>>> print(open('run_9.tsv').read())   # TSV, C-alpha atoms
chain	number	residue	atom	x	y	z
Z	1	MET	CA	0.00	0.00	0.00
Z	2	SER	CA	2.81	2.39	0.97
Z	3	GLU	CA	4.72	1.79	-2.26
Z	4	ASP	CA	1.51	2.06	-4.25
Z	5	LEU	CA	0.67	5.37	-2.61
Z	6	GLU	CA	4.16	6.72	-3.26
Z	7	LYS	CA	3.95	5.64	-6.89
Z	8	THR	CA	0.53	7.26	-7.25
Z	9	LEU	CA	1.83	10.42	-5.57
Z	10	ARG	CA	4.68	10.63	-8.07
Z	11	ALA	CA	2.18	10.25	-10.89
Z	12	ALA	CA	-0.14	12.86	-9.38
Z	13	LEU	CA	2.72	15.30	-8.86
Z	14	ARG	CA	4.22	15.11	-12.31
Z	15	PRO	CA	5.48	18.61	-13.29
Z	16	LEU	CA	3.06	20.77	-15.27
Z	17	ASP	CA	3.93	22.92	-18.23
Z	18	PRO	CA	2.93	26.58	-17.86
Z	19	GLY	CA	2.79	26.97	-21.64
Z	20	ASP	CA	4.93	28.59	-24.29
Z	21	ALA	CA	3.93	32.12	-23.34
Z	22	PHE	CA	5.34	31.82	-19.83
Z	23	ALA	CA	8.98	32.50	-20.69
Z	24	ASP	CA	7.95	35.42	-22.90
Z	25	ALA	CA	5.91	36.89	-20.03
Z	26	VAL	CA	8.93	36.56	-17.70
Z	27	MET	CA	11.19	38.24	-20.25
Z	28	ALA	CA	8.67	41.05	-20.72
Z	29	ARG	CA	8.68	41.65	-16.96
Z	30	VAL	CA	12.47	41.54	-16.90
Z	31	ARG	CA	12.61	44.17	-19.65
Z	32	ALA	CA	9.96	46.28	-17.93
Z	33	GLU	CA	11.99	46.48	-14.75
Z	34	ARG	CA	13.77	49.80	-14.68
Z	35	PRO	CA	17.49	49.20	-14.32
Z	36	VAL	CA	18.72	50.35	-10.94
Z	37	PRO	CA	21.86	52.54	-11.02
Z	38	VAL	CA	24.87	50.53	-9.88
Z	39	GLY	CA	25.43	52.80	-6.90
Z	40	LEU	CA	21.91	52.15	-5.59
Z	41	ARG	CA	21.78	48.37	-6.03
Z	42	TRP	CA	23.06	47.69	-2.54
Z	43	TRP	CA	20.32	49.98	-1.21
Z	44	ARG	CA	17.59	48.14	-3.05
Z	45	TRP	CA	18.65	44.54	-2.45
Z	46	ALA	CA	20.07	44.51	1.02
Z	47	PRO	CA	17.36	45.45	3.53
Z	48	ALA	CA	19.59	44.69	6.51
Z	49	TRP	CA	22.30	47.01	5.21
Z	50	ARG	CA	19.69	49.58	4.33
Z	51	TRP	CA	18.37	49.77	7.89
Z	52	ALA	CA	21.87	49.63	9.33
Z	53	SER	CA	22.89	52.59	7.20
Z	54	VAL	CA	19.78	54.55	8.24
Z	55	LEU	CA	20.63	53.86	11.90
Z	56	ALA	CA	24.26	54.86	11.37
Z	57	ALA	CA	23.21	58.10	9.66
Z	58	MET	CA	20.81	58.91	12.50
Z	59	SER	CA	23.53	58.20	15.08
Z	60	CYS	CA	25.92	60.52	13.23
Z	61	VAL	CA	23.32	63.30	13.17
Z	62	ALA	CA	22.61	62.83	16.89
Z	63	LEU	CA	26.34	62.87	17.69
Z	64	LEU	CA	26.87	66.05	15.66
Z	65	LEU	CA	23.90	67.66	17.40
Z	66	VAL	CA	25.25	66.81	20.86
Z	67	GLN	CA	28.73	68.04	19.91
Z	68	SER	CA	27.40	71.29	18.52
Z	69	LEU	CA	25.30	71.87	21.68
Z	70	GLU	CA	28.37	71.21	23.84
Z	71	ALA	CA	30.45	73.63	21.74
Z	72	HIS	CA	27.70	76.24	22.02
Z	73	HIS	CA	27.61	75.90	25.81
Z	74	ALA	CA	31.42	76.09	26.02
Z	75	ARG	CA	31.42	79.22	23.87
Z	76	GLN	CA	28.73	80.80	26.05
Z	77	GLY	CA	30.77	79.99	29.20
Z	78	LEU	CA	33.89	81.54	27.69
Z	79	GLU	CA	32.00	84.68	26.72
Z	80	ALA	CA	30.53	84.97	30.24
Z	81	ARG	CA	33.99	84.54	31.74
Z	82	GLN	CA	35.42	87.23	29.45
Z	83	ALA	CA	32.56	89.58	30.37
Z	84	LEU	CA	33.15	88.93	34.07
Z	85	MET	CA	36.89	89.59	33.71
Z	86	GLN	CA	36.14	92.80	31.87
Z	87	ALA	CA	33.69	93.89	34.59
Z	88	LEU	CA	36.25	93.08	37.29
Z	89	ARG	CA	38.91	95.03	35.42
Z	90	VAL	CA	36.60	98.05	35.09
Z	91	THR	CA	35.61	97.78	38.73
Z	92	GLY	CA	39.28	97.54	39.75
Z	93	GLN	CA	40.11	100.62	37.73
Z	94	SER	CA	37.17	102.52	39.25
Z	95	LEU	CA	38.25	101.53	42.74
Z	96	ASP	CA	41.82	102.64	42.00
Z	97	LEU	CA	40.53	106.02	40.82
Z	98	ALA	CA	38.29	106.39	43.86
Z	99	ASP	CA	41.12	105.35	46.17
Z	100	ARG	CA	43.45	107.84	44.54
Z	101	ALA	CA	40.85	110.60	44.79
Z	102	VAL	CA	40.22	109.80	48.44
Z	103	ASN	CA	43.93	109.78	49.22
Z	104	GLU	CA	44.62	113.03	47.36
Z	105	GLY	CA	41.61	114.75	48.92
Z	106	GLY	CA	42.60	113.56	52.43
Z	107	GLY	CA	46.17	114.85	52.00
Z	108	ALA	CA	44.89	118.24	50.90
Z	109	ARG	CA	42.49	118.43	53.83
Z	110	GLN	CA	45.29	117.44	56.26
Z	111	GLY	CA	47.60	120.19	54.91
Z	112	SER	CA	44.96	122.90	55.21
Z	113	ASP	CA	43.70	121.97	58.73
Z	114	PRO	CA	45.16	124.49	61.10
Z	115	GLY	CA	44.14	122.59	64.21
Z	116	VAL	CA	46.35	119.58	63.55
A	1	MET	CA	18.23	25.76	-30.75
A	2	ILE	CA	19.35	27.65	-27.68
A	3	GLU	CA	17.26	25.54	-25.25
A	4	ASP	CA	19.30	22.48	-26.21
A	5	GLU	CA	22.63	23.94	-25.15
A	6	GLY	CA	24.47	22.67	-22.09
A	7	GLY	CA	23.13	24.08	-18.87
A	8	GLU	CA	26.43	25.37	-17.53
A	9	GLU	CA	27.16	27.07	-20.83
A	10	LEU	CA	23.72	28.68	-20.72
A	11	LEU	CA	24.28	29.80	-17.16
A	12	SER	CA	27.61	31.43	-17.95
A	13	ARG	CA	26.09	33.20	-20.96
A	14	ALA	CA	23.16	34.38	-18.87
A	15	LEU	CA	25.63	35.60	-16.27
A	16	ALA	CA	27.35	37.54	-19.02
A	17	GLY	CA	24.06	39.33	-19.62
A	18	GLU	CA	22.68	37.49	-22.66
A	19	ALA	CA	18.89	37.72	-22.56
A	20	ASP	CA	18.42	34.68	-24.85
A	21	ALA	CA	20.44	32.52	-22.50
A	22	PHE	CA	18.42	33.69	-19.51
A	23	ARG	CA	15.21	32.92	-21.40
A	24	ALA	CA	16.50	29.43	-22.11
A	25	LEU	CA	17.18	28.97	-18.40
A	26	VAL	CA	13.60	30.02	-17.68
A	27	VAL	CA	12.28	27.48	-20.22
A	28	ARG	CA	14.46	24.81	-18.68
A	29	HIS	CA	13.18	25.37	-15.13
A	30	GLN	CA	9.69	26.76	-15.65
A	31	ARG	CA	7.90	23.42	-15.25
A	32	ALA	CA	9.39	22.74	-11.83
A	33	VAL	CA	8.84	26.27	-10.51
A	34	TYR	CA	5.32	26.61	-11.91
A	35	SER	CA	4.24	23.17	-10.69
A	36	LEU	CA	5.49	23.81	-7.17
A	37	ALA	CA	3.76	27.20	-7.14
A	38	TRP	CA	0.47	25.85	-8.45
A	39	ARG	CA	0.37	22.93	-6.07
A	40	MET	CA	1.23	25.14	-3.15
A	41	LEU	CA	-1.29	27.89	-3.96
A	42	CYS	CA	-4.00	25.78	-5.65
A	43	ASP	CA	-4.68	28.66	-8.01
A	44	ARG	CA	-3.40	28.84	-11.54
A	45	GLN	CA	-3.31	32.66	-11.80
A	46	ARG	CA	-1.55	33.18	-8.48
A	47	ALA	CA	0.85	30.36	-9.30
A	48	GLU	CA	1.78	31.89	-12.64
A	49	ASP	CA	2.32	35.25	-11.00
A	50	LEU	CA	4.46	33.75	-8.25
A	51	ALA	CA	6.51	31.71	-10.72
A	52	GLN	CA	7.18	34.85	-12.78
A	53	GLU	CA	8.24	36.72	-9.64
A	54	VAL	CA	10.66	33.92	-8.78
A	55	PHE	CA	12.31	34.22	-12.19
A	56	LEU	CA	12.42	38.01	-11.88
A	57	GLN	CA	14.18	37.59	-8.53
A	58	LEU	CA	16.53	35.11	-10.19
A	59	HIS	CA	17.35	37.70	-12.84
A	60	ARG	CA	18.30	40.18	-10.11
A	61	HIS	CA	20.36	37.64	-8.17
A	62	LEU	CA	21.91	35.84	-11.11
A	63	ALA	CA	25.40	36.98	-10.16
A	64	SER	CA	25.19	34.94	-6.95
A	65	ILE	CA	24.39	31.65	-8.75
A	66	GLU	CA	27.45	29.41	-8.93
A	67	SER	CA	26.26	26.36	-10.84
A	68	LEU	CA	23.22	24.64	-12.34
A	69	ALA	CA	22.75	22.57	-9.19
A	70	HIS	CA	22.88	25.74	-7.14
A	71	LEU	CA	20.34	27.30	-9.51
A	72	SER	CA	17.87	24.41	-9.04
A	73	ARG	CA	18.25	24.55	-5.26
A	74	TRP	CA	17.85	28.33	-5.28
A	75	LEU	CA	14.69	28.18	-7.43
A	76	ARG	CA	13.08	25.52	-5.23
A	77	ARG	CA	13.93	27.36	-2.04
A	78	VAL	CA	12.71	30.75	-3.24
A	79	THR	CA	9.52	29.28	-4.76
A	80	MET	CA	8.61	27.43	-1.58
A	81	HIS	CA	9.38	30.30	0.77
A	82	ARG	CA	7.47	32.77	-1.40
A	83	ALA	CA	4.50	30.40	-1.64
A	84	ILE	CA	4.42	29.83	2.13
A	85	ASP	CA	4.74	33.59	2.74
A	86	ARG	CA	1.91	34.27	0.32
A	87	LEU	CA	-0.29	31.67	1.98
A	88	ARG	CA	0.36	33.38	5.32
A	89	ARG	CA	-0.50	36.81	3.92
A	90	GLU	CA	-3.43	35.77	1.75
A	91	PRO	CA	-4.86	32.52	3.04
A	92	GLN	CA	-5.68	29.90	0.46
A	93	ARG	CA	-8.93	30.56	-1.36
A	94	GLY	CA	-9.70	26.86	-1.49
A	95	THR	CA	-8.34	23.69	-2.93
A	96	ALA	CA	-7.98	23.33	-6.65
A	97	SER	CA	-11.36	23.30	-8.33
A	98	LEU	CA	-12.62	20.08	-9.87
A	99	GLU	CA	-11.86	21.50	-13.33
A	100	GLU	CA	-8.32	22.45	-12.33
A	101	ALA	CA	-7.76	19.12	-10.67
A	102	ALA	CA	-9.03	17.45	-13.83
A	103	GLU	CA	-6.51	19.48	-15.83
A	104	LEU	CA	-3.79	18.49	-13.41
A	105	ALA	CA	-4.69	14.86	-13.92
A	106	ALA	CA	-5.30	15.11	-17.65
A	107	GLU	CA	-1.76	14.24	-18.63
A	108	GLU	CA	-1.86	11.01	-16.73
A	109	GLU	CA	-3.18	8.35	-19.02
A	110	GLN	CA	-1.83	5.28	-17.32
A	111	SER	CA	-3.14	6.01	-13.81
A	112	ASP	CA	-6.70	6.24	-12.61
A	113	PRO	CA	-7.64	9.89	-13.28
A	114	LEU	CA	-10.23	9.92	-10.50
A	115	LEU	CA	-7.70	8.71	-7.98
A	116	LEU	CA	-5.13	11.28	-9.13
A	117	ARG	CA	-7.72	14.04	-8.93
A	118	ARG	CA	-8.66	13.10	-5.38
A	119	LEU	CA	-5.04	12.85	-4.39
A	120	GLN	CA	-4.27	16.31	-5.78
A	121	MET	CA	-7.21	17.80	-3.91
A	122	LEU	CA	-6.17	16.11	-0.69
A	123	ILE	CA	-2.61	17.43	-1.11
A	124	GLY	CA	-4.09	20.90	-1.54
A	125	GLU	CA	-5.74	20.58	1.85
A	126	LEU	CA	-2.56	19.74	3.76
A	127	PRO	CA	-1.01	22.53	5.87
A	128	PRO	CA	1.50	24.58	3.81
A	129	ALA	CA	4.66	23.22	5.44
A	130	ALA	CA	3.52	19.60	5.12
A	131	ARG	CA	2.47	20.21	1.53
A	132	ALA	CA	5.84	21.77	0.72
A	133	VAL	CA	7.64	18.73	2.14
A	134	LEU	CA	5.44	16.34	0.18
A	135	LEU	CA	5.92	18.24	-3.09
A	136	LEU	CA	9.68	18.36	-2.72
A	137	ARG	CA	9.74	14.63	-1.94
A	138	TYR	CA	7.42	13.31	-4.65
A	139	GLN	CA	7.52	15.98	-7.34
A	140	GLU	CA	11.16	17.02	-7.09
A	141	ASP	CA	12.38	13.65	-5.79
A	142	LEU	CA	14.56	15.20	-3.06
A	143	ASP	CA	15.75	13.23	-0.06
A	144	PRO	CA	14.75	14.38	3.46
A	145	MET	CA	18.14	16.02	4.07
A	146	GLU	CA	17.88	18.11	0.92
A	147	ILE	CA	14.26	19.00	1.74
A	148	GLY	CA	15.39	20.11	5.20
A	149	ARG	CA	18.05	22.34	3.69
A	150	THR	CA	15.56	23.83	1.22
A	151	LEU	CA	12.86	24.56	3.78
A	152	LYS	CA	15.24	25.25	6.70
A	153	MET	CA	13.84	22.37	8.75
A	154	SER	CA	15.51	19.58	10.64
A	155	VAL	CA	15.58	16.16	8.97
A	156	ASN	CA	13.41	14.81	11.78
A	157	THR	CA	10.76	17.46	11.14
A	158	VAL	CA	10.81	16.61	7.44
A	159	LYS	CA	10.39	12.90	8.17
A	160	SER	CA	7.62	13.60	10.63
A	161	HIS	CA	5.75	15.77	8.08
A	162	LEU	CA	6.14	13.05	5.46
A	163	LYS	CA	4.92	10.31	7.77
A	164	ARG	CA	1.92	12.33	8.95
A	165	SER	CA	0.97	13.49	5.44
A	166	LEU	CA	1.16	9.98	4.00
A	167	ALA	CA	-0.99	8.71	6.86
A	168	ILE	CA	-3.59	11.43	6.21
A	169	LEU	CA	-3.64	10.72	2.47
A	170	ARG	CA	-3.87	6.97	3.01
A	171	GLU	CA	-6.71	7.40	5.46
A	172	HIS	CA	-8.68	9.67	3.13
A	173	LEU	CA	-8.08	7.50	0.10
A	174	GLN	CA	-9.58	4.58	1.99
A	175	ASP	CA	-12.79	6.59	2.47
A	176	SER	CA	-15.44	6.06	-0.12
A	177	PRO	CA	-14.90	8.18	-3.25
A	178	GLU	CA	-18.51	9.37	-3.05
A	179	GLN	CA	-17.92	10.80	0.42
A	180	ALA	CA	-14.75	12.60	-0.66
A	181	CYS	CA	-16.42	14.05	-3.76
A	182	ALA	CA	-19.38	15.19	-1.68
A	183	VAL	CA	-17.03	17.10	0.61
A	184	ARG	CA	-15.17	18.73	-2.29
A	185	SER	CA	-18.25	19.68	-4.29
A	186	ARG	CA	-20.23	21.21	-1.44
A	187	PRO	CA	-22.06	24.33	-2.67
A	188	ASP	CA	-20.37	27.69	-2.35
A	189	PRO	CA	-22.15	29.62	0.46
A	190	ALA	CA	-21.97	32.78	-1.66
A	191	THR	CA	-24.19	31.27	-4.35
>>> encode(input="run_9.tsv", output="structure tokens")
Amino acid sequence: MSEDLEKTLRAALRPLDPGDAFADAVMARVRAERPVPVGLRWWRWAPAWRWASVLAAMSCVALLLVQSLEAHHARQGLEARQALMQALRVTGQSLDLADRAVNEGGGARQGSDPGV
Amino acid sequence: MIEDEGGEELLSRALAGEADAFRALVVRHQRAVYSLAWRMLCDRQRAEDLAQEVFLQLHRHLASIESLAHLSRWLRRVTMHRAIDRLRREPQRGTASLEEAAELAAEEEQSDPLLLRRLQMLIGELPPAARAVLLLRYQEDLDPMEIGRTLKMSVNTVKSHLKRSLAILREHLQDSPEQACAVRSRPDPAT
């Protein structure tokens, strides 16, 4: 029975011919396919690489963004420091002037005070 | 005639970009690919479409084909995986109609056409993976190891599918033909 069934199966599953037009239809579809530029073939036929490259590009953009934010903050810090130094310098100069004025004024008052 | 040339020669010419050689390769393998597709999908139109897509994919991947044996393995593997994928996406619309089954059996003159027709319809009702195993075994004459490689299954799984499918077919073939025909020709609820 088993051998009979296997023999019958082979007979039932004999390959079928799709007809003469089949190969022509395949060739028409081959011709209709727009040729992909060589540089883009890898993009079209390698989904894993395609997604990997998208991820890599997104990582690069994120990295550049973080770096540019860090540079911006560093630049802002430097500018604030420079402004502070400038303010301190101006304040120092003002204090010097005031000190000098006080000292000169005091000396003059001392010289003109008859009671001392 | 170009179809009569040696296969390896054809392959190398197709690899070199000769359209005639590629067409000859299609002619050489179209029966196997189309038959597998039809018996997996149980629908002539869908099978023809799938078989054409397989050859289109072959055209794109031709550079990766190393030999004729590799080409046959590649075609079987891609056909079966595409058919199983398609059955997952668009479930089978039904087994082959009586007319289609009759066409399938028409070429067989030595065997009982009724028996062949019933067998083809029963094969169409097997689950896709079991059907794929059965087709590769009895249509393509592959051994279980080769079937396992093609369908990415272990040899034990292949053997188990074969054993179970043969048991199902044997059991149904022992039923009365009238009962089986009554099941197949039940009226379409839409009509």
>>> interface_residues(input="run_9.tsv", of="chain Z", to="chain A", cutoff="6 Å", atoms="all atoms listed in the file", output="list of chain:residue names")
Z:Arg10, Z:Ala12, Z:Leu13, Z:Pro15, Z:Leu16, Z:Asp17, Z:Val26
>>> axis_aligned_box(input="run_9.tsv", around="range 165-172 of chain A", padding_each_side="3 Å", output="lines of an AutoDock Vina configuration file")
center_x = -3.8
center_y = 10.2
center_z = 4.7
size_x = 15.8
size_y = 12.5
size_z = 10.4
>>> residues_around(input="run_9.tsv", residues="Ser165 in chain A", least_positions_apart="5", cutoff="8 Å", atoms="only C-alpha atoms", output="list of chain:residue names")
A:Leu126, A:Ala130, A:Arg131, A:Leu134
>>> atom_distance(input="run_9.tsv", atom1="CA of Gly148 in chain A", atom2="CA of Asp4 in chain Z")
24.7 Å
>>> atom_distance(input="run_9.tsv", atom1="CA of Leu50 in chain A", atom2="CA of Leu5 in chain Z")
29.2 Å
>>> atom_distance(input="run_9.tsv", atom1="CA of Ala63 in chain A", atom2="CA of Ala48 in chain Z")
19.3 Å
>>> residues_around(input="run_9.tsv", residues="range 76-90 of chain A", least_positions_apart="6", cutoff="7 Å", atoms="all atoms listed in the file", output="PyMOL selection string")
chain A and resi 33+37+40-41+54+128+132+150-151
